[in-house]
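Encoded as structure tokens, the structure appears first; notes follow it.
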Number of protein chains: 2
Amino acid sequence: MSRVSFEQFQVQRAEFINQEENRALGSDVVLNEDEQKVNSHIMKLKKAELDVGFKTPRDFTPARHFFQALDKIKASPLFQLIQKMPKGAILHAHDTAIGSMETIVKATHKDHLWQNGDFDRPDPPKFQFSKSKPNPLNGSEWRSVAAIRREIGNEGYNNNIRNLFSLYHADPVNAYQCINQIWGTFSNIFISLEPIVTYKPVWEEYFYQSLEELYADNVSYLEFRGVLPPVYDLENHTYGPEEIVQIYYDLSEKFKKTHPDFIGVKFIYAPHRLGDDDAFKGYMDIAESLHKKFPAFVAGFDLVGQEDLGRPHVDFNERLLKMSPAIQFFFHAGETNWNYGTDENLIDAILLGTKRIGHGFAAIKHPRVLEEIKKRNICIELNPISNQVLKLVDDFRNHPGSYYFSDNYPVVISSDDPAFWCASPLSHDFYIAFLGLASARQDLRLLKKLALNSIEYSAMSKAEKVEAKHKWNIAWNNFIDQTIKSIAE
Amino acid sequence: MSRVSFEQFQVQRAEFINQEENRALGSDVVLNEDEQKVNSHIMKLKKAELDVGFKTPRDFTPARHFFQALDKIKASPLFQLIQKMPKGAILHAHDTAIGSMETIVKATHKDHLWQNGDFDRPDPPKFQFSKSKPNPLNGSEWRSVAAIRREIGNEGYNNNIRNLFSLYHADPVNAYQCINQIWGTFSNIFISLEPIVTYKPVWEEYFYQSLEELYADNVSYLEFRGVLPPVYDLENHTYGPEEIVQIYYDLSEKFKKTHPDFIGVKFIYAPHRLGDDDAFKGYMDIAESLHKKFPAFVAGFDLVGQEDLGRPHVDFNERLLKMSPAIQFFFHAGETNWNYGTDENLIDAILLGTKRIGHGFAAIKHPRVLEEIKKRNICIELNPISNQVLKLVDDFRNHPGSYYFSDNYPVVISSDDPAFWCASPLSHDFYIAFLGLASARQDLRLLKKLALNSIEYSAMSKAEKVEAKHKWNIAWNNFIDQTIKSIAE
């Protein structure tokens with residue numbers, strides 16, 4: 001037995017590191033000369049933050065709770081650069097959690113909004129748009145929001161709204177003690193918010209404004225999930241699923257016209273997994289009719305809600321298999337840190353032929369699932385900030401995305417419900433992924449790959465993808481040019 | 001395009017789950033009839049804790065900080081059964097952090113112990129055994145511990161000792177804000193403790209008592225790391241590395257004689273990675289001479305200390321390659337959640353031909369490392385509680401061990417420095433691994449495999465392993481019999 005010489009060792013070591021780098025996500029991307037310049041710059045910014053963190057780990061933003069890192073991230077030159085970068089698509093986000101809190105605040109300025117209950121009670125207040133005062137609720141009178149605004153002042157009222165519809169807390173670790181508790185609060189936000197956003201004028205403005213905010217964040221395509229709650233107006237007219245999707249479609253088309261470099265929008269119908277069998281039958285009927293009416297705009301079907309406490313996939317498999325084969329699945333699966341039942345949804349999703357997997361946080365504990373994800377090229381939609389806020393992981397460096405990145409799994413970075421945690425539509429998640437999930441060596445090639453993946457794994461047709469890549473390429477080259485100019489300044 | 005029938009789906013699903021189970025660690029173990037009975041019992045206990053946790057995640061011990069779960073674990077019937085189980089070996093633990101706090105408390109009752117400084121100062125007090133009062137330290141007088149005991153009372157004094165030499169804190173999450181901070185405290189414990197334990201009578205009692213505690217925790221073999229600090233006595237005699245190892249050896253032989261079912265002890269010389277080049281040269285000389293003098297008792301060489309802040313492996317590779325090829329390596333590597341430099345120690349450890357890897361926490365982010373670990377059959381020594389206390393991971397369900405378990409990596413469960421976090425020698429780590437790292441489906445076969453692995457991946461010779469397995473088998477069968485009796489009662 002003998003040891004190798006140091007020279008041999010050094011050769012082996014370099015080769016080993018090289019082999020590792022070649023397996024990482026983005027390693028197949030070749031950067032041109034200009035991109036290499038931008039890469040040097042971005043890696044300098046990344047290294048600066050890594051060096052600070054290595055010395056003082058509590059100053060490393062991905063090692064902190066997102067709420068405690070928000071101000072620091074805002075001031076980060078790396079984050080600011082990522083904001084400007086054309087990031088491609090958001091493939092995983094929920095209808096009423098994309099538009100910023102200010103869009104909601106604005107909505108509460110509209111006439112005819114009524115409120116039942118105060119802000120400082122354990123039960124959140126209820127809201128309703130109505131021409132006249134609605135009937136008392138359990139004996140409690142409604143008051144017009146305008147009157148309450150006059151009473152407590154605009155700024156005070158707006159802050160109450162911001163608190164009510166966000167999970168933000170200055171001391172999140174102690175405020176939310178377990179996953180079920182924060183999911184309770186989280187689900188309540190959706191429920192409280194519904195009567196505000198489903199008022200037709202707000203519904204339209206909110207969606208259009210969401211697209212504006214995506215666009216401003218340099219995101220140019222959206223595939224979003226929605227439960228399609230009934231939309232209403234002051235004339236007591238209620239709009240059903242097909243009418244709501246028509247609104248989405250029309251507004252998307254309008255947005256594309258006014259923003260020619262925007263790629264587009266598709267919708268994934270994703271009702272709640274808590275529904276009983278009758279409700280589920282209704283969902284399937286809606287899915288079928290939407291698929292027929294909007295074959296290109298409606299991308300497919302999914303189920304939403306906390307997987308741990310919701311119904312497991314085995315409850316639905318038999319019926320899901322009977323859906324029209326042309327309807328594609330985009331299942332949430334493995335959004336859990338249990339290795340006890342819930343995570344079997346991953347197996348169901350794969351065997352049902354899901355095109356993508358929402359979250360896939362638990363996939364790392366399932367070697368056969370990992371194998372199939374690669375074999376079938378199923379994209380994992382990672383939402384790192386969502387996973388931290390909703391208490392799956394504390395330190396982003398322990399997020400399984402870091403494993404998926406290291407071995408070239410098909411993944412995209414998305415944002416889930418960015419408005420509820422005061423994040424930008426996509427930039428914050430990209431920043432966390434680049435700094436906290438990726439290795440120190442992963443560079444601009446990873447970011448470019450993530451953007452390209454978001455087009456590649458979208459539900460767009462081949463022809464749509466060609467056009468999408470064309471638009472994205474123009475934006476990307478422009479970003480590279482602008483960045484080089486700004487470095488030179 | 002069409003979907004499969006539900007019948008086909010069910011067949012595929014069962015097969016998929018079967019394939020996953022067959023890949024998991026321990027799936028190759030075949031249980032006899034008696035073991036199956038014990039398995040049913042243990043799985044009932046496991047399921048009960050999982051069910052409580054699934055309903056109320058904050059009551060799930062592996063989702064909590066270990067310090068906050070200690071009382072709950074003590075009362076757990078699953079834990080109590082695991083305590084009784086013959087767990088094989090501890091392959092990763094450090095000399096002066098194995099014996100319980102009470103052994104230290106007892107040592108401070110010995111005559112001739114002096115103390116410099118009070119307990120309530122930011123700087124911990126210093127200790128020294130000496131016939132006469134030592135000279136003042138920076139102008140500060142020494143006092144005899146006996147006198148201080150009389151002053152503040154025995155119970156008060158003992159509690160001060162317990163606090164001083166443990167990382168325990170009722171509010172650990174807020175008390176220790178980052179990894180560098182807790183490593184500072186952790187390293188200081190070793191330093192403060194040294195003059196107490198290196199007093200020869202204490203040194204001998206402490207080591208022998210550690211073996212007693214292992215034995216009581218149903219651990220029957222130990223491979224432990226030591227830095228070999230100078231041992232001293234009241235006659236100003238200082239004992240060097242070879243003499244200290246001789247003490248270890250003699251006491252181990254004595255222990256084996258009085259405990260014939262105990263398998264034995266080996267020692268891994270593991271000096272500090274912070275040492276400068278001259279110090280390192282000295283370490284290598286010691287390693288060579290120990291290897292010659294104790295070829296069977298001294299298993300090999302390692303380096304200890306915080307990897308992030310210590311010198312990286314690249315500083316030592318060239319010299320390590322020059323060590324006698326017969327000296328085996330057992331390197332700490334990847335005890336970090338950085339993907340930035342430190343984790344490259346993993347690559348060095350592997351290419352240097354390490355027999356086992358201490359911790360390997362970061363290996364999960366290195367696909368080539370993972371590949372080589374399997375190919376070269378390098379055992380990962382997992383220390384889950386250590387990793388949580390020392391702030392690599394919060395929720396045990398996110399520990400990479402859960403990935404290693406799921407895909408049959410060569411691993412053992414060990415305990416690192418159990419005394420410093422008030423854990424039993426091995427049972428607490430086994431319990432956490434079984435409940436928090438393993439899947440809900442993994443059963444007694446996993447526990448048996450972990451025990452068998454601890455013999456298989458030890459540094460014992462083939463002949464020694466045969467004897468070890470024989471002794472362990474007798475203990476195991478006895479455990480199975482006793483458990484069946486206790487279930488029937």
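Identifiers for the structure tokens are assigned positionally: chains receive A, B, ... in sequence, residues are indexed from 1 per chain, and ligands are indexed from 1 in the order shown.
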Distance filter 6 Å, only C-alpha atoms, chain B against chain A, as a list in words:
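Within 6 Å of chain A on chain B, we get Ser2, Arg3, Phe6, Glu20, Arg58, Cys178, Glu318, Pro325, Asn339, Tyr340, Lys365, Arg368, Tyr403, Ser406, Ser439 and Ala440 of chain B.
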Residue selection dump (N, CA and C atoms) as a compact mmCIF listing (two decimals), in the first residue's frame:
```
# COMPACT_ATOMS: atom_id res chain seq x y z
N SER B 2 -52.98 8.73 -23.94
CA SER B 2 -54.04 8.29 -23.03
C SER B 2 -53.45 8.02 -21.66
N ARG B 3 -54.32 7.97 -20.66
CA ARG B 3 -53.83 7.71 -19.31
C ARG B 3 -53.94 6.21 -19.02
N PHE B 6 -56.78 2.73 -13.75
CA PHE B 6 -56.52 2.82 -12.30
C PHE B 6 -55.87 1.54 -11.78
N GLU B 20 -38.54 1.86 -3.80
CA GLU B 20 -37.95 2.84 -2.88
C GLU B 20 -37.54 2.19 -1.57
N ARG B 58 -45.18 21.14 16.63
CA ARG B 58 -44.25 21.64 17.66
C ARG B 58 -44.05 20.62 18.78
N CYS B 178 -25.19 32.48 16.05
CA CYS B 178 -24.61 31.96 14.81
C CYS B 178 -23.58 30.89 15.12
N GLU B 318 -0.10 17.96 1.12
CA GLU B 318 1.23 17.51 0.68
C GLU B 318 1.92 16.72 1.79
N PRO B 325 2.11 4.96 4.76
CA PRO B 325 0.86 4.53 4.11
C PRO B 325 0.02 3.65 5.02
N ASN B 339 -21.20 26.29 1.07
CA ASN B 339 -20.87 25.65 -0.20
C ASN B 339 -19.80 26.53 -0.81
N TYR B 340 -18.82 26.86 0.05
CA TYR B 340 -17.86 27.91 -0.29
C TYR B 340 -16.53 27.57 0.36
N LYS B 365 -24.26 18.14 -1.18
CA LYS B 365 -24.18 19.15 -2.25
C LYS B 365 -23.09 18.83 -3.27
N ARG B 368 -20.23 14.28 -7.04
CA ARG B 368 -19.07 13.41 -7.25
C ARG B 368 -18.61 12.81 -5.93
N TYR B 403 -31.33 11.83 3.57
CA TYR B 403 -31.00 11.45 2.18
C TYR B 403 -30.10 10.20 2.18
N SER B 406 -32.07 7.18 2.85
CA SER B 406 -33.04 6.80 1.81
C SER B 406 -32.40 6.03 0.68
N SER B 439 -37.26 7.53 7.26
CA SER B 439 -38.64 7.62 6.81
C SER B 439 -39.53 6.89 7.81
N ALA B 440 -40.83 7.20 7.76
CA ALA B 440 -41.77 6.54 8.67
C ALA B 440 -41.75 5.03 8.46
```
Hey, what does DSSP flag as strand (DSSP E or B) within region 217-453 of chain B? Can you give it to me as a VMD selection string?
chain B and resid 221 to 226 231 to 232 238 to 239 264 to 269 272 298 to 301 304 328 to 329 332 to 333 356 to 359 379 to 382 411 to 413 416
All residues 9 Å or closer to Leu444 (chain B), only C-alpha atoms, same chain fewer than 3 positions away omitted, as a count of residues only
12
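Using only C-alpha atoms, the smallest distance between any of A:Glu223, A:Glu253, A:Glu49, A:Asp233 and Tyr269 (chain A) comes from A:Glu223.
By only C-alpha atoms, and with residues fewer than 6 positions from Asn478 (chain A) along its chain excluded, the set lying at most 12 Å from it is Asp34, Glu35, Lys84, Met85, Pro86, Asn218, Lys471, Trp472, Ile484 and Lys485 of chain A.
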Keeping only N, CA and C atoms, write those residues as a PDB file, in the first residue's frame.
```pdb
ATOM      1  N   ASP A  34     -18.959  39.371 -23.938  1.00  0.00           N
ATOM      2  CA  ASP A  34     -19.663  40.384 -23.146  1.00  0.00           C
ATOM      3  C   ASP A  34     -20.256  39.774 -21.877  1.00  0.00           C
ATOM      4  N   GLU A  35     -20.847  38.602 -22.045  1.00  0.00           N
ATOM      5  CA  GLU A  35     -21.428  37.930 -20.873  1.00  0.00           C
ATOM      6  C   GLU A  35     -20.342  37.604 -19.847  1.00  0.00           C
ATOM      7  N   LYS A  84     -32.607  43.741 -12.377  1.00  0.00           N
ATOM      8  CA  LYS A  84     -32.558  44.247 -13.764  1.00  0.00           C
ATOM      9  C   LYS A  84     -32.477  43.121 -14.796  1.00  0.00           C
ATOM     10  N   MET A  85     -32.106  41.959 -14.345  1.00  0.00           N
ATOM     11  CA  MET A  85     -31.885  40.835 -15.264  1.00  0.00           C
ATOM     12  C   MET A  85     -33.207  40.280 -15.801  1.00  0.00           C
ATOM     13  N   PRO A  86     -33.294  40.022 -17.096  1.00  0.00           N
ATOM     14  CA  PRO A  86     -34.506  39.375 -17.640  1.00  0.00           C
ATOM     15  C   PRO A  86     -34.541  37.925 -17.161  1.00  0.00           C
ATOM     16  N   ASN A 218     -38.781  42.612 -14.480  1.00  0.00           N
ATOM     17  CA  ASN A 218     -38.127  41.910 -15.599  1.00  0.00           C
ATOM     18  C   ASN A 218     -38.480  40.426 -15.689  1.00  0.00           C
ATOM     19  N   LYS A 471     -37.814  36.930 -27.856  1.00  0.00           N
ATOM     20  CA  LYS A 471     -38.045  38.134 -27.039  1.00  0.00           C
ATOM     21  C   LYS A 471     -37.100  38.188 -25.844  1.00  0.00           C
ATOM     22  N   TRP A 472     -36.945  37.039 -25.206  1.00  0.00           N
ATOM     23  CA  TRP A 472     -36.077  37.008 -24.029  1.00  0.00           C
ATOM     24  C   TRP A 472     -34.628  37.323 -24.396  1.00  0.00           C
ATOM     25  N   ILE A 484     -22.683  46.209 -18.844  1.00  0.00           N
ATOM     26  CA  ILE A 484     -21.292  46.549 -19.209  1.00  0.00           C
ATOM     27  C   ILE A 484     -21.105  48.060 -19.153  1.00  0.00           C
ATOM     28  N   LYS A 485     -22.078  48.796 -19.683  1.00  0.00           N
ATOM     29  CA  LYS A 485     -21.997  50.265 -19.624  1.00  0.00           C
ATOM     30  C   LYS A 485     -21.924  50.749 -18.181  1.00  0.00           C
TER      31      LYS A 485
END
```
Close residues, region 424-429 of chain B itself excluded, 10 Å, only C-alpha atoms, min 2 positions apart in chain, as a PyMOL selection string
chain B and resi 66+70+73-74+79-90+93+97-100+210-211+213-219+382-386+413-419+421-422+431-436
Could those selected residues go to a file with N, CA and C atoms, as a short mmCIF file (atom, residue, chain, number, x, y, z; two decimals), in the first residue's frame?
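Result saved to part12.cif:
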```
data_model
loop_
_atom_site.label_atom_id
_atom_site.label_comp_id
_atom_site.auth_asym_id
_atom_site.auth_seq_id
_atom_site.Cartn_x
_atom_site.Cartn_y
_atom_site.Cartn_z
N PHE B 66 -32.93 20.28 20.45
CA PHE B 66 -32.70 19.16 21.36
C PHE B 66 -32.86 19.56 22.82
N LEU B 70 -35.48 17.61 25.52
CA LEU B 70 -34.82 16.63 26.42
C LEU B 70 -35.79 15.91 27.36
N ILE B 73 -38.10 13.58 25.46
CA ILE B 73 -37.41 12.37 24.98
C ILE B 73 -37.22 11.38 26.14
N LYS B 74 -36.83 11.91 27.29
CA LYS B 74 -36.61 11.06 28.46
C LYS B 74 -37.85 10.22 28.78
N PHE B 79 -37.70 5.97 23.05
CA PHE B 79 -36.33 6.26 23.49
C PHE B 79 -35.87 5.23 24.51
N GLN B 80 -36.75 4.91 25.44
CA GLN B 80 -36.38 3.97 26.50
C GLN B 80 -36.04 2.59 25.92
N LEU B 81 -36.75 2.20 24.87
CA LEU B 81 -36.46 0.92 24.24
C LEU B 81 -35.12 0.99 23.50
N ILE B 82 -34.88 2.12 22.83
CA ILE B 82 -33.61 2.28 22.09
C ILE B 82 -32.42 2.29 23.05
N GLN B 83 -32.65 2.82 24.25
CA GLN B 83 -31.58 2.79 25.26
C GLN B 83 -31.16 1.35 25.57
N LYS B 84 -32.15 0.49 25.62
CA LYS B 84 -31.87 -0.92 25.98
C LYS B 84 -31.23 -1.71 24.84
N MET B 85 -31.36 -1.19 23.64
CA MET B 85 -30.91 -1.91 22.45
C MET B 85 -29.37 -1.91 22.35
N PRO B 86 -28.77 -3.05 22.05
CA PRO B 86 -27.31 -3.07 21.83
C PRO B 86 -27.01 -2.35 20.52
N LYS B 87 -26.37 -1.19 20.64
CA LYS B 87 -26.23 -0.31 19.48
C LYS B 87 -24.88 -0.45 18.78
N GLY B 88 -24.08 -1.38 19.28
CA GLY B 88 -22.77 -1.57 18.64
C GLY B 88 -21.78 -0.54 19.11
N ALA B 89 -21.23 0.23 18.18
CA ALA B 89 -20.09 1.09 18.49
C ALA B 89 -20.39 2.57 18.35
N ILE B 90 -19.63 3.35 19.09
CA ILE B 90 -19.48 4.78 18.81
C ILE B 90 -18.19 4.93 18.03
N ALA B 93 -16.40 10.21 18.46
CA ALA B 93 -16.60 10.94 19.72
C ALA B 93 -15.25 11.45 20.18
N ALA B 97 -15.31 14.75 25.94
CA ALA B 97 -16.71 15.19 25.82
C ALA B 97 -17.64 14.00 25.82
N ILE B 98 -17.13 12.85 26.30
CA ILE B 98 -17.96 11.64 26.31
C ILE B 98 -18.54 11.42 27.70
N GLY B 99 -17.69 11.52 28.71
CA GLY B 99 -18.12 11.25 30.08
C GLY B 99 -19.11 12.31 30.55
N SER B 100 -20.07 11.87 31.32
CA SER B 100 -21.16 12.77 31.70
C SER B 100 -20.67 13.90 32.60
N SER B 210 -16.25 6.97 31.53
CA SER B 210 -16.85 7.10 30.19
C SER B 210 -17.20 5.72 29.64
N LEU B 211 -16.28 4.78 29.81
CA LEU B 211 -16.55 3.42 29.33
C LEU B 211 -17.73 2.81 30.08
N GLU B 213 -20.21 4.40 31.30
CA GLU B 213 -21.45 5.05 30.80
C GLU B 213 -21.84 4.52 29.42
N LEU B 214 -20.84 4.29 28.57
CA LEU B 214 -21.11 3.66 27.27
C LEU B 214 -21.77 2.31 27.48
N TYR B 215 -21.16 1.54 28.35
CA TYR B 215 -21.62 0.18 28.62
C TYR B 215 -23.07 0.21 29.12
N ALA B 216 -23.35 1.15 30.03
CA ALA B 216 -24.71 1.26 30.56
C ALA B 216 -25.70 1.69 29.48
N ASP B 217 -25.20 2.39 28.46
CA ASP B 217 -26.06 2.83 27.35
C ASP B 217 -26.11 1.77 26.25
N ASN B 218 -25.58 0.58 26.57
CA ASN B 218 -25.57 -0.54 25.61
C ASN B 218 -24.77 -0.25 24.33
N VAL B 219 -23.63 0.38 24.56
CA VAL B 219 -22.63 0.57 23.50
C VAL B 219 -21.44 -0.28 23.90
N LEU B 382 -22.34 10.02 11.02
CA LEU B 382 -23.34 11.08 11.25
C LEU B 382 -23.49 11.36 12.74
N ASN B 383 -23.57 12.62 13.09
CA ASN B 383 -23.76 13.03 14.49
C ASN B 383 -24.90 14.05 14.52
N PRO B 384 -26.14 13.57 14.39
CA PRO B 384 -27.25 14.52 14.18
C PRO B 384 -27.39 15.57 15.28
N ILE B 385 -27.33 15.17 16.54
CA ILE B 385 -27.57 16.15 17.61
C ILE B 385 -26.46 17.20 17.62
N SER B 386 -25.24 16.75 17.44
CA SER B 386 -24.12 17.69 17.35
C SER B 386 -24.39 18.73 16.26
N ILE B 413 -24.35 6.03 12.98
CA ILE B 413 -24.81 7.13 13.84
C ILE B 413 -23.87 7.22 15.02
N SER B 414 -23.40 8.43 15.28
CA SER B 414 -22.53 8.60 16.42
C SER B 414 -22.94 9.85 17.19
N SER B 415 -22.10 10.29 18.15
CA SER B 415 -22.60 11.30 19.07
C SER B 415 -21.65 12.47 19.33
N ASP B 416 -20.42 12.39 18.82
CA ASP B 416 -19.49 13.52 18.81
C ASP B 416 -19.06 13.97 20.21
N ASP B 417 -19.88 14.77 20.87
CA ASP B 417 -19.53 15.31 22.20
C ASP B 417 -20.75 15.27 23.11
N PRO B 418 -21.32 14.09 23.32
CA PRO B 418 -22.64 14.02 23.94
C PRO B 418 -22.74 14.72 25.30
N ALA B 419 -21.63 14.69 26.08
CA ALA B 419 -21.70 15.27 27.42
C ALA B 419 -21.99 16.77 27.37
N TRP B 421 -23.88 18.39 25.49
CA TRP B 421 -25.31 18.73 25.30
C TRP B 421 -26.22 17.81 26.10
N CYS B 422 -25.67 17.26 27.20
CA CYS B 422 -26.49 16.50 28.15
C CYS B 422 -27.17 15.30 27.51
N TYR B 431 -32.13 7.65 18.67
CA TYR B 431 -33.57 7.98 18.72
C TYR B 431 -33.91 9.06 17.68
N ILE B 432 -33.11 10.12 17.65
CA ILE B 432 -33.35 11.21 16.69
C ILE B 432 -33.21 10.69 15.26
N ALA B 433 -32.21 9.85 15.03
CA ALA B 433 -32.00 9.31 13.69
C ALA B 433 -33.19 8.46 13.25
N PHE B 434 -33.69 7.66 14.18
CA PHE B 434 -34.77 6.73 13.85
C PHE B 434 -36.09 7.46 13.63
N LEU B 435 -36.31 8.51 14.41
CA LEU B 435 -37.60 9.21 14.35
C LEU B 435 -37.55 10.42 13.40
N GLY B 436 -36.41 11.10 13.36
CA GLY B 436 -36.35 12.35 12.61
C GLY B 436 -35.68 12.27 11.25
#
```
Measure the distance from CA of Pro136 (chain A) to CA of Gly117 (chain A) in Å and round it to one decimal.
10.8 Å
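When only C-alpha atoms are used to compute distances to Val30 (chain A), the closest of the residues A:Leu446, A:Trp203, A:Tyr457, A:Thr103 turns out to be A:Leu446.
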Which one is closest to Met284 (chain A): A:Ile244, A:Phe316, A:Thr258, A:Glu489? Count only C-alpha atoms.
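Closest candidate: A:Phe316.
For the pair CA of Leu193 (chain A) and CA of Phe361 (chain A), the separation is 27.4 Å.
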Which of region 240-465 of chain B end up as helix (DSSP H, G or I) when DSSP is run on this backbone - answer as an MDAnalysis selection string?
chainID B and resid 241:258 277:293 313:315 317:320 342:351 361:365 367:375 384:389 396:398 401:406 418:421 427:437 444:456 462:465
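CA of Tyr157 (chain A) lies 21.1 Å from CA of Pro201 (chain A).
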Please provide the set of residues having any atom within 12 Å of Arg149 (chain B), restricted to only C-alpha atoms, with same-chain residues fewer than 5 positions apart removed, written as a list in words.
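Everything that qualifies: Val105, Thr108, His109, Lys110, Asp111, Leu113, Trp114, Gln115, Arg143, Ser144, Asn154, Glu155, Gly156, Tyr157, Asn158, Asn159, Asn160 and Ile161 of chain B.
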Nearest candidate to Ala296 (chain B) (options B:Ser27, B:Thr96, B:Ser461, B:Ser220; using only C-alpha atoms)
B:Ser461
